[in-house]
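Asks: I am sharing model.cif, which consists of mmCIF, C-alpha atoms and all ligand atoms:
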data_my_file
loop_
_atom_site.label_atom_id
_atom_site.label_comp_id
_atom_site.auth_asym_id
_atom_site.auth_seq_id
_atom_site.Cartn_x
_atom_site.Cartn_y
_atom_site.Cartn_z
CA MET A 1 -4.72 -5.82 -26.07
CA PHE A 2 -6.30 -2.49 -25.25
CA TYR A 3 -5.62 -0.90 -21.89
CA PHE A 4 -8.21 1.40 -20.44
CA ALA A 5 -6.39 4.01 -18.41
CA ALA A 6 -8.50 4.30 -15.31
CA MET A 7 -7.30 6.85 -12.79
CA LYS A 8 -7.91 6.60 -9.06
CA GLN A 9 -7.26 9.29 -6.51
CA MET A 10 -6.20 8.31 -2.98
CA GLN A 11 -4.70 9.77 0.13
CA ALA A 12 -1.16 8.68 1.02
CA ILE A 13 1.68 9.28 3.45
CA VAL A 14 5.25 9.97 2.34
CA TYR A 15 7.72 7.44 3.79
CA LYS A 16 10.82 8.50 1.92
CA SER A 17 11.90 11.43 -0.19
CA THR A 18 15.04 11.52 -2.26
CA GLY A 19 14.27 14.79 -3.99
CA SER A 20 13.57 13.16 -7.32
CA TRP A 21 11.25 10.35 -6.25
CA TYR A 22 9.20 9.43 -3.24
CA LEU A 23 8.02 6.33 -1.46
CA VAL A 24 4.37 6.62 -0.40
CA ARG A 25 1.90 4.39 1.40
CA THR A 26 -1.64 4.71 0.12
CA GLU A 27 -4.73 4.36 2.33
CA ASP A 28 -5.05 0.71 1.31
CA GLY A 29 -1.70 0.01 2.95
CA LYS A 30 0.31 -0.48 -0.26
CA MET A 31 3.72 1.10 -0.78
CA HIS A 32 4.46 2.75 -4.13
CA PRO A 33 7.27 4.74 -5.69
CA ALA A 34 5.88 8.11 -6.76
CA ARG A 35 6.80 11.32 -8.50
CA ILE A 36 5.43 14.81 -8.07
CA ARG A 37 3.26 16.65 -10.53
CA GLY A 38 4.33 20.15 -11.49
CA HIS A 39 5.81 22.23 -8.74
CA PHE A 40 4.53 22.87 -5.26
CA LYS A 41 4.95 26.32 -3.89
CA MET A 42 4.58 26.41 -0.14
CA GLU A 43 3.31 29.58 1.41
CA GLY A 44 5.87 31.42 3.47
CA ILE A 45 8.69 28.89 3.17
CA SER A 46 11.20 28.56 0.42
CA SER A 47 12.62 25.10 0.71
CA THR A 48 14.78 22.89 -1.40
CA ASN A 49 12.20 20.12 -1.01
CA PRO A 50 8.48 20.82 -1.45
CA ILE A 51 7.41 17.50 0.04
CA ALA A 52 8.98 15.79 3.02
CA VAL A 53 8.77 12.54 4.92
CA GLY A 54 5.60 12.44 7.00
CA ASP A 55 3.61 14.59 4.61
CA GLU A 56 0.05 13.60 3.85
CA VAL A 57 -0.61 13.88 0.14
CA LEU A 58 -3.12 13.08 -2.58
CA VAL A 59 -1.94 10.73 -5.29
CA GLU A 60 -3.27 9.77 -8.67
CA ILE A 61 -2.84 6.13 -9.52
CA GLU A 62 -2.99 5.06 -13.14
CA ASP A 63 -3.06 1.37 -13.86
CA LEU A 64 -1.55 1.49 -17.30
CA PRO A 65 0.37 -1.63 -18.17
CA GLU A 66 2.48 -0.44 -15.28
CA THR A 67 1.14 1.32 -12.23
CA THR A 68 2.24 4.94 -12.02
CA VAL A 69 1.68 7.03 -8.93
CA THR A 70 1.78 10.80 -9.08
CA ILE A 71 1.59 13.12 -6.08
CA SER A 72 -0.89 15.80 -7.09
CA ASP A 73 -1.50 17.70 -3.89
CA ILE A 74 -0.30 18.12 -0.32
CA LEU A 75 -2.65 18.26 2.67
CA PRO A 76 -2.19 20.88 5.40
CA ARG A 77 0.68 20.15 7.79
CA LYS A 78 0.18 19.85 11.54
CA ASN A 79 3.80 20.94 11.98
CA TYR A 80 7.20 20.48 10.36
CA VAL A 81 10.85 20.71 11.23
CA ILE A 82 12.98 22.74 8.89
CA ARG A 83 16.65 23.58 8.90
CA GLN A 84 19.06 25.70 6.99
CA SER A 85 20.73 24.02 4.09
CA PRO A 86 24.38 23.41 4.98
CA HIS A 87 25.18 24.78 1.48
CA SER A 88 23.38 28.07 1.65
CA LYS A 89 21.93 30.10 4.49
CA ARG A 90 19.16 31.23 2.20
CA GLN A 91 17.98 27.73 1.43
CA HIS A 92 15.88 25.69 3.79
CA HIS A 93 15.28 22.01 3.95
CA ILE A 94 12.19 20.45 5.48
CA ILE A 95 13.39 17.47 7.49
CA ALA A 96 9.97 15.98 8.30
CA ALA A 97 6.32 16.89 8.76
CA ASN A 98 3.37 16.00 11.01
CA LEU A 99 5.42 14.89 14.00
CA ASP A 100 4.26 14.00 17.49
CA GLN A 101 7.74 14.40 18.97
CA SER A 102 11.40 14.65 18.23
CA MET A 103 14.26 12.80 19.91
CA VAL A 104 17.78 14.14 19.91
CA PHE A 105 20.41 11.46 20.44
CA ILE A 106 23.46 12.69 22.27
CA THR A 107 26.75 11.00 23.02
CA LEU A 108 29.29 12.52 25.38
CA ARG A 109 31.98 10.32 23.85
CA GLU A 110 32.57 8.63 20.47
CA PRO A 111 31.54 11.14 19.09
CA ARG A 112 31.08 14.08 21.44
CA THR A 113 27.92 16.12 21.05
CA SER A 114 28.26 19.77 22.02
CA GLN A 115 25.79 21.60 24.19
CA GLY A 116 25.46 24.21 21.45
CA PHE A 117 24.14 21.55 19.10
CA VAL A 118 21.63 20.28 21.68
CA ASP A 119 20.37 23.76 22.53
CA ARG A 120 19.98 24.76 18.88
CA PHE A 121 17.99 21.62 18.32
CA LEU A 122 15.78 22.35 21.34
CA VAL A 123 15.18 25.92 20.18
CA SER A 124 14.03 24.61 16.80
CA CYS A 125 11.67 22.10 18.43
CA GLU A 126 10.18 24.84 20.64
CA ALA A 127 9.69 27.11 17.64
CA PHE A 128 7.99 24.36 15.64
CA HIS A 129 5.87 23.15 18.57
CA VAL A 130 7.32 19.66 18.50
CA PRO A 131 7.92 18.16 21.98
CA ALA A 132 11.57 17.14 22.39
CA ILE A 133 13.13 14.22 24.27
CA LEU A 134 16.85 13.94 24.97
CA VAL A 135 18.46 10.49 24.72
CA PHE A 136 22.01 10.09 26.02
CA ASN A 137 23.40 6.99 24.34
CA LYS A 138 26.61 4.92 24.65
CA VAL A 139 26.76 5.38 28.42
CA ASP A 140 28.79 2.14 28.48
CA VAL A 141 31.83 4.07 27.15
CA TYR A 142 31.60 7.08 29.46
CA ARG A 143 34.46 7.59 31.90
CA ALA A 144 34.14 9.40 35.24
CA LYS A 145 34.21 12.87 33.69
CA GLU A 146 31.53 12.04 31.10
CA MET A 147 29.39 10.43 33.81
CA GLN A 148 29.65 13.65 35.81
CA GLN A 149 28.66 15.68 32.77
CA LEU A 150 25.76 13.31 32.14
CA GLU A 151 24.48 13.89 35.68
CA ASP A 152 24.84 17.68 35.25
CA TRP A 153 23.04 17.75 31.91
CA LYS A 154 20.34 15.36 33.07
CA ALA A 155 19.56 17.62 36.04
CA MET A 156 19.76 20.78 33.93
CA TYR A 157 17.43 19.59 31.15
CA SER A 158 14.98 17.77 33.44
CA ALA A 159 14.63 20.92 35.54
CA ILE A 160 13.37 22.87 32.53
CA GLY A 161 10.84 20.23 31.56
CA TYR A 162 12.53 17.95 29.04
CA GLN A 163 12.29 14.18 29.31
CA VAL A 164 15.79 12.70 29.50
CA LEU A 165 16.62 9.06 28.74
CA VAL A 166 19.95 7.30 29.22
CA THR A 167 20.69 4.30 27.01
CA SER A 168 23.24 1.79 25.82
CA THR A 169 22.86 -0.86 23.15
CA VAL A 170 25.74 -2.72 24.81
CA THR A 171 24.38 -3.04 28.36
CA GLY A 172 20.68 -2.67 27.49
CA GLU A 173 20.31 0.20 29.94
CA GLY A 174 17.27 2.41 29.32
CA LEU A 175 15.96 0.42 26.36
CA ASP A 176 12.54 -0.30 27.92
CA ASP A 177 12.02 3.39 28.65
CA LEU A 178 13.06 4.31 25.12
CA LYS A 179 10.64 1.78 23.65
CA ALA A 180 7.83 3.05 25.85
CA ALA A 181 8.50 6.63 24.72
CA LEU A 182 8.11 5.61 21.06
CA VAL A 183 4.86 3.66 21.24
CA GLN A 184 1.97 5.13 19.22
CA LYS A 185 3.96 8.25 18.37
CA LYS A 186 5.44 9.61 15.16
CA THR A 187 8.98 10.41 16.25
CA LEU A 188 11.79 12.19 14.44
CA LEU A 189 15.20 10.71 15.32
CA SER A 190 17.91 13.31 15.22
CA GLY A 191 21.50 13.80 16.26
CA HIS A 192 25.01 13.60 14.85
CA SER A 193 26.01 10.72 12.66
CA GLY A 194 27.43 7.82 14.68
CA VAL A 195 25.57 8.40 17.94
CA GLY A 196 23.67 5.11 17.55
CA LYS A 197 20.20 6.11 16.33
CA SER A 198 19.85 3.24 13.89
CA SER A 199 21.51 0.75 16.24
CA LEU A 200 19.05 1.55 19.02
CA MET A 201 16.07 1.12 16.71
CA ASN A 202 17.43 -2.21 15.49
CA VAL A 203 17.86 -3.48 19.04
CA LEU A 204 14.32 -2.43 19.97
CA PHE A 205 12.74 -3.51 16.68
CA PRO A 206 14.93 -6.09 14.91
CA GLU A 207 12.48 -6.30 12.00
CA LEU A 208 13.42 -2.75 10.93
CA GLU A 209 16.90 -3.84 9.80
CA LEU A 210 18.23 -0.28 9.56
CA ARG A 211 21.66 0.23 8.12
CA THR A 212 24.22 1.13 10.78
CA ALA A 213 27.69 2.52 10.31
CA ALA A 214 30.83 0.67 11.29
CA VAL A 215 33.00 2.60 13.74
CA SER A 216 35.58 3.30 11.03
CA GLU A 217 32.91 4.91 8.87
CA TRP A 218 31.85 7.59 11.29
CA SER A 219 34.96 8.28 13.34
CA GLY A 220 36.87 9.63 10.36
CA LYS A 221 36.58 13.25 9.40
CA GLY A 222 34.65 14.22 6.32
CA MET A 223 32.47 11.16 6.45
CA HIS A 224 29.75 11.32 3.88
CA THR A 225 26.40 9.74 4.19
CA THR A 226 24.13 9.75 1.20
CA THR A 227 21.06 8.29 2.82
CA PHE A 228 17.81 10.20 3.05
CA ALA A 229 15.34 10.57 5.87
CA GLU A 230 13.03 7.58 5.93
CA MET A 231 9.97 6.67 7.97
CA HIS A 232 9.49 3.18 9.41
CA ASP A 233 6.35 1.76 11.00
CA LEU A 234 6.91 0.24 14.42
CA PRO A 235 5.46 -3.22 15.02
CA ASN A 236 3.62 -2.11 18.17
CA GLY A 237 2.20 1.11 16.71
CA GLY A 238 3.74 4.45 15.90
CA CYS A 239 6.63 5.17 13.55
CA VAL A 240 10.11 6.62 13.53
CA ILE A 241 11.80 8.86 11.00
CA ASP A 242 15.46 7.95 10.79
CA THR A 243 17.58 10.80 9.48
CA PRO A 244 21.11 10.81 8.19
CA GLY A 245 23.37 12.50 10.73
CA VAL A 246 22.96 16.19 11.11
CA ARG A 247 26.25 18.02 11.61
CA GLU A 248 24.85 21.37 12.54
CA PHE A 249 21.43 22.69 13.27
CA GLY A 250 20.81 25.97 11.48
CA ILE A 251 17.82 27.66 13.05
CA VAL A 252 15.26 28.99 10.62
CA GLY A 253 12.49 31.53 10.93
CA ILE A 254 13.31 32.95 14.36
CA GLU A 255 14.34 36.54 15.03
CA ALA A 256 17.01 37.29 17.63
CA GLU A 257 14.49 39.45 19.53
CA GLU A 258 12.20 36.48 20.19
CA LEU A 259 14.89 33.87 20.88
CA SER A 260 14.26 33.77 24.63
CA HIS A 261 10.68 32.61 23.96
CA TYR A 262 12.18 29.30 22.89
CA PHE A 263 14.13 28.74 26.09
CA PRO A 264 11.40 27.44 28.45
CA GLU A 265 13.18 28.66 31.59
CA MET A 266 13.45 32.16 30.08
CA ARG A 267 9.96 32.19 28.59
CA ASP A 268 8.49 31.79 32.08
CA ARG A 269 10.31 34.91 33.35
CA ILE A 270 10.29 37.32 30.41
CA ASN A 271 7.31 39.27 31.74
CA ASP A 272 9.30 40.13 34.87
CA CYS A 273 11.97 42.03 32.92
CA GLN A 274 11.74 45.81 33.29
CA PHE A 275 11.60 46.33 29.53
CA ASN A 276 9.14 44.35 27.48
CA ASN A 277 11.63 44.13 24.62
CA CYS A 278 14.48 43.03 26.91
CA GLN A 279 17.10 40.92 25.11
CA HIS A 280 18.72 39.99 28.45
CA LEU A 281 22.07 41.36 27.37
CA ARG A 282 22.90 44.64 29.16
CA GLU A 283 19.45 45.97 29.98
CA PRO A 284 18.72 47.07 33.59
CA GLY A 285 16.07 45.24 35.60
CA CYS A 286 16.50 41.98 33.70
CA ALA A 287 14.69 39.06 35.37
CA ILE A 288 16.76 36.55 33.39
CA LYS A 289 20.03 37.96 34.73
CA ALA A 290 18.56 37.86 38.24
CA ALA A 291 17.55 34.21 37.79
CA ILE A 292 21.06 33.31 36.67
CA GLU A 293 22.52 34.99 39.74
CA SER A 294 20.14 33.14 42.06
CA GLY A 295 20.96 29.87 40.31
CA ASP A 296 17.46 29.38 38.89
CA ILE A 297 18.69 29.50 35.29
CA ALA A 298 21.78 27.48 34.33
CA MET A 299 24.69 29.63 33.21
CA GLN A 300 25.49 27.09 30.46
CA ARG A 301 22.05 27.52 28.95
CA PHE A 302 22.42 31.29 29.05
CA GLU A 303 25.76 30.95 27.25
CA SER A 304 23.99 28.97 24.53
CA TYR A 305 21.42 31.73 24.34
CA LEU A 306 24.16 34.33 23.87
CA ASN A 307 25.91 32.24 21.20
CA ILE A 308 22.75 31.64 19.21
CA HIS A 309 21.69 35.27 19.65
CA ALA A 310 25.06 36.46 18.34
CA SER A 311 24.87 34.13 15.33
CA MET A 312 21.46 35.56 14.46
CA GLU A 313 22.78 39.10 14.45
CA LYS A 314 25.32 38.26 11.76
CA PRO A 315 24.53 39.54 8.29
CA GLY A 316 23.22 36.87 5.99
CA TYR A 317 21.46 34.93 8.70
N1 LIG A 401 29.69 1.38 22.74
C1 LIG A 401 28.52 1.61 22.12
N2 LIG A 401 28.48 1.68 20.77
C2 LIG A 401 27.28 1.92 20.18
C3 LIG A 401 26.10 2.08 20.94
N3 LIG A 401 25.08 2.32 20.07
C4 LIG A 401 25.61 2.30 18.83
N4 LIG A 401 26.94 2.05 18.88
C5 LIG A 401 27.88 1.97 17.73
O1 LIG A 401 27.99 3.25 17.13
C6 LIG A 401 28.20 3.14 15.72
C7 LIG A 401 27.25 4.03 14.96
O2 LIG A 401 25.92 3.57 15.13
P1 LIG A 401 24.73 3.95 14.15
O3 LIG A 401 23.53 3.25 14.69
O4 LIG A 401 25.07 3.68 12.73
O5 LIG A 401 24.64 5.51 14.39
P2 LIG A 401 23.67 6.57 13.67
O6 LIG A 401 24.50 7.25 12.62
O7 LIG A 401 23.28 7.52 14.75
O8 LIG A 401 22.50 5.85 13.10
C8 LIG A 401 28.05 1.66 15.39
O9 LIG A 401 29.34 1.12 15.26
C9 LIG A 401 27.35 1.09 16.60
O10 LIG A 401 27.68 -0.26 16.83
C10 LIG A 401 26.17 2.00 22.38
O11 LIG A 401 25.20 2.14 23.13
N5 LIG A 401 27.43 1.77 22.90
MG MG A 402 21.75 5.84 11.13
ZN ZN A 403 15.66 40.47 30.44
#
As structure tokens, please, write out the structure in this file.
Replies:
Amino acid sequence: MFYFAAMKQMQAIVYKSTGSWYLVRTEDGKMHPARIRGHFKMEGISSTNPIAVGDEVLVEIEDLPETTVTISDILPRKNYVIRQSPHSKRQHHIIAANLDQSMVFITLREPRTSQGFVDRFLVSCEAFHVPAILVFNKVDVYRAKEMQQLEDWKAMYSAIGYQVLVTSTVTGEGLDDLKAALVQKKTLLSGHSGVGKSSLMNVLFPELELRTAAVSEWSGKGMHTTTFAEMHDLPNGGCVIDTPGVREFGIVGIEAEELSHYFPEMRDRINDCQFNNCQHLREPGCAIKAAIESGDIAMQRFESYLNIHASMEKPGY
């Protein structure tokens, strides 16, 4: 039998990337494993992964005795979220591309998410022009002090323009609002491991059948998850990108001098500072300091600003 190697070119979307192979969906709706041709050099970013989940690509399909799919080109990105590699500050990893929004899942207990983590995440979203939504999960296990903190954080983040949702897979609280926020959107799911990202998606969309971790798996220190970011279509339109837990959010591509542009409550007041290059540290006539004193900017947010600012000044950042 003689096989005629016909080659077709098609557009596709990347659903999964392991670094060595990819899962893509071609325009005709079929899913295929794929590999990349040659090497892709992205302008301006050096990343450990040239192609990420959510990327739109061109593929070449060869129907030899077996179908082989090769990614030959990448189409321009609308946006992308990138973070520092936990292994090296010089290496960057693209988490996902072409997003409509990003959700950060936060738990105030089992495990506890720090405000520093949340604010770093929000700064990244602002810098990459991806709207962010905060989801406080596991409210069923919060005691009085966590409930108080929830109220404080809800007020603080709502006041500066972020949508805040409060959920529990146990009581069902907030699930309708969460589902409504996901419809027809491409959403990146982010947050520490064990906060319930996959569980929430499974409750909302049982057909997804995402793998969830048993309590013993995530509560222990040094837990290792080897899963990769993966995109899933939602039955009622839209899709979610489930990521393995992120321990820390290294901010990439932002200079300390411009950090306050990515705090919405600061951005709105920067022009009122006496100096146009004000870093809001010890400069006179600082509108940010004045807004903290009058209670218009939350002290906790300013502390996050100072912490992130200080980490950016360190050599090697
Ligand atoms: N009490 C409580 N446990 C939850 C809730 N959501 C998820 N969990 C549990 O948290 C653990 C981690 O959930 P998982 O979905 O794997 O977290 P992920 O790593 O963020 O995807 C599992 O044991 C879930 O059963 C919730 O709302 N309340
Ligand atoms: Mg998960
Ligand atoms: Zn200032």
Asks: Quick one: residues within 12 Å of Glu151 of chain A, all atoms listed in the file counted, chain neighbours fewer than 5 positions away excluded, as a count of residues only?
Replies: 13
Asks: What's around segment 186-188 of chain A at 6 Å? Count only C-alpha atoms, leave out sequence neighbours fewer than 6 positions away in its own chain, and write the answer as a PDB file with C-alpha atoms, in the coordinates of the input.
Replies:
ATOM      1  CA  LEU A  99       5.420  14.890  14.000  1.00  0.00           C
ATOM      2  CA  ASP A 100       4.260  14.000  17.490  1.00  0.00           C
ATOM      3  CA  GLN A 101       7.740  14.400  18.970  1.00  0.00           C
ATOM      4  CA  SER A 102      11.400  14.650  18.230  1.00  0.00           C
ATOM      5  CA  GLY A 238       3.740   4.450  15.900  1.00  0.00           C
ATOM      6  CA  CYS A 239       6.630   5.170  13.550  1.00  0.00           C
ATOM      7  CA  VAL A 240      10.110   6.620  13.530  1.00  0.00           C
ATOM      8  CA  ILE A 241      11.800   8.860  11.000  1.00  0.00           C
TER       9      ILE A 241
END
Asks: Compare A:Leu64, A:Val195, A:Val59, A:Val69 by their minimum atom-to-atom distance to ligand LIG 401 (chain A), counting all atoms listed in the file, and give me the closest one.
Replies: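 Once distances to ligand LIG 401 (chain A) are computed over all atoms listed in the file, the minimum belongs to A:Val195.
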Asks: For chain A against ligand ZN 403 (chain A), with a cut-off of 7 Å and counting only C-alpha atoms and all ligand atoms, what is the closest atom pair and its distance in Å to one decimal for every residue that makes the cut, ordered by chain and number, as a Markdown table?
Replies:
| residue | atom | partner | partner_atom | distance |
| --- | --- | --- | --- | --- |
| A:Ile270 | CA | A:ZN403 | ZN | 6.2 |
| A:Cys273 | CA | A:ZN403 | ZN | 4.7 |
| A:Cys278 | CA | A:ZN403 | ZN | 4.5 |
| A:Gln279 | CA | A:ZN403 | ZN | 5.5 |
| A:His280 | CA | A:ZN403 | ZN | 3.7 |
| A:Glu283 | CA | A:ZN403 | ZN | 6.7 |
| A:Cys286 | CA | A:ZN403 | ZN | 3.7 |
| A:Ala287 | CA | A:ZN403 | ZN | 5.2 |
| A:Ile288 | CA | A:ZN403 | ZN | 5.0 |
| A:Lys289 | CA | A:ZN403 | ZN | 6.6 |
Asks: For ligand LIG 401 (chain A), which residue out of A:Pro235, A:Gly174, A:Pro264, A:Gly253 is the nearest one, using all atoms listed in the file?
Replies: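 Between A:Pro235, A:Gly174, A:Pro264, A:Gly253, the residue approaching ligand LIG 401 (chain A) most closely is A:Gly174.
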Asks: Might you pull out every residue within 9 Å of Arg77 of chain A, with all atoms listed in the file counted and same-chain residues fewer than 4 positions away left off, and present them as a list in words?
Replies: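 Those residues are Asp55, Glu56, Ala97 and Asn98 of chain A.
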Asks: For atom CA of Leu134 of chain A and atom CA of Tyr162 of chain A, determine how far apart the two atoms are, in Å to one decimal place.
Replies: 7.2 Å
Asks: Extract, using only C-alpha atoms, all DNA, RNA and protein residues at most 12 Å from Ala290 of chain A, discarding same-chain residues fewer than 6 positions from it, and format them as a list in words.
Replies: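 Non-adjacent residues within range: Met266, Arg269, Ile270, Asp272, Cys273, Gln274, His280, Leu281, Glu283, Pro284, Asp296, Ile297, Ala298, Met299 and Phe302 of chain A.
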Asks: Would you export the selected residues with C-alpha atoms as an mmCIF file, in the coordinates of the input, please?
Replies:
data_model
loop_
_atom_site.group_PDB
_atom_site.id
_atom_site.type_symbol
_atom_site.label_atom_id
_atom_site.label_comp_id
_atom_site.auth_asym_id
_atom_site.auth_seq_id
_atom_site.Cartn_x
_atom_site.Cartn_y
_atom_site.Cartn_z
ATOM 1 C CA MET A 266 13.450 32.160 30.080
ATOM 2 C CA ARG A 269 10.310 34.910 33.350
ATOM 3 C CA ILE A 270 10.290 37.320 30.410
ATOM 4 C CA ASP A 272 9.300 40.130 34.870
ATOM 5 C CA CYS A 273 11.970 42.030 32.920
ATOM 6 C CA GLN A 274 11.740 45.810 33.290
ATOM 7 C CA HIS A 280 18.720 39.990 28.450
ATOM 8 C CA LEU A 281 22.070 41.360 27.370
ATOM 9 C CA GLU A 283 19.450 45.970 29.980
ATOM 10 C CA PRO A 284 18.720 47.070 33.590
ATOM 11 C CA ASP A 296 17.460 29.380 38.890
ATOM 12 C CA ILE A 297 18.690 29.500 35.290
ATOM 13 C CA ALA A 298 21.780 27.480 34.330
ATOM 14 C CA MET A 299 24.690 29.630 33.210
ATOM 15 C CA PHE A 302 22.420 31.290 29.050
#
Asks: Counting all atoms listed in the file, which residues in chain A sit no more than 8 Å from ligand MG 402 (chain A)? For each one, give the nearest pair of atoms and the distance in Å, sorted by chain then residue number, as a Markdown table.
Replies:
| residue | atom | partner | partner_atom | distance |
| --- | --- | --- | --- | --- |
| A:Ser193 | CA | A:MG402 | MG | 6.7 |
| A:Gly194 | CA | A:MG402 | MG | 7.0 |
| A:Gly196 | CA | A:MG402 | MG | 6.7 |
| A:Lys197 | CA | A:MG402 | MG | 5.4 |
| A:Ser198 | CA | A:MG402 | MG | 4.2 |
| A:Ser199 | CA | A:MG402 | MG | 7.2 |
| A:Leu210 | CA | A:MG402 | MG | 7.2 |
| A:Arg211 | CA | A:MG402 | MG | 6.4 |
| A:Thr212 | CA | A:MG402 | MG | 5.3 |
| A:Ala213 | CA | A:MG402 | MG | 6.9 |
| A:Asp242 | CA | A:MG402 | MG | 6.6 |
| A:Thr243 | CA | A:MG402 | MG | 6.7 |
| A:Pro244 | CA | A:MG402 | MG | 5.8 |
| A:Gly245 | CA | A:MG402 | MG | 6.9 |
Asks: Tell me, in Å to one decimal, how far atom C4 of ligand LIG 401 (chain A) is from atom CA of Leu200 of chain A.
Replies: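 Between atom C4 of ligand LIG 401 (chain A) and atom CA of Leu200 of chain A the gap works out to 6.6 Å.
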Asks: Kindly give the distance, in Å, that separates atom O10 of ligand LIG 401 (chain A) and atom CA of Arg120 of chain A, rounded to a single decimal.
Replies: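 About the pair atom O10 of ligand LIG 401 (chain A) and atom CA of Arg120 of chain A: they are 26.3 Å apart.
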Asks: In terms of the shortest atom-to-atom distance over all atoms listed in the file, which of A:Thr68, A:Asn79, A:Ser190, A:Ser20 is closest to Phe128 of chain A?
Replies: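 When distances to Phe128 of chain A are compared using all atoms listed in the file, the smallest one comes from A:Asn79.
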Asks: Excluding Ser114 of chain A and any residue of its chain fewer than 5 positions from it, enumerate the residues within 12 Å of it, using only C-alpha atoms, and give them as a list of chain:residue names.
Replies: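 The residues that qualify are A:Phe105, A:Ile106, A:Thr107, A:Leu108, A:Arg109, A:Asp119, A:Arg120, A:Phe121, A:Gln149, A:Trp153, A:Gly191, A:His192, A:Arg247, A:Glu248, A:Phe249, A:Gln300, A:Ser304.
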Asks: Restricting the calculation to all atoms listed in the file: of A:Arg301, A:Lys8, A:Lys138, A:His232, which residue gets closest to ligand LIG 401 (chain A)?
Replies: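 Residue with the minimum atom-to-atom distance to ligand LIG 401 (chain A): A:Lys138.
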Asks: Go through A:Ile292, A:Ala12, A:Leu182, A:Val170 and flag the residue nearest ligand LIG 401 (chain A), using all atoms listed in the file for the distances.
Replies: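 So, comparing all the options, the nearest one is A:Val170.
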Asks: Enclose ligand LIG 401 (chain A), meaning all of its atoms listed in the file, in a box aligned along x, y and z, pad it by 4 Å on each side, and list the centre and edge lengths in Å to one decimal, as JSON.
Replies:
{"center_x": 26.1, "center_y": 3.6, "center_z": 17.9, "size_x": 15.2, "size_y": 15.8, "size_z": 18.5}
Asks: Select, from A:Ile13, A:His261, A:Glu60, A:Val53, the residue with the minimum atom-to-atom distance to Ile36 of chain A, counting all atoms listed in the file.
Replies: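 So, comparing all the options, the nearest one is A:Glu60.
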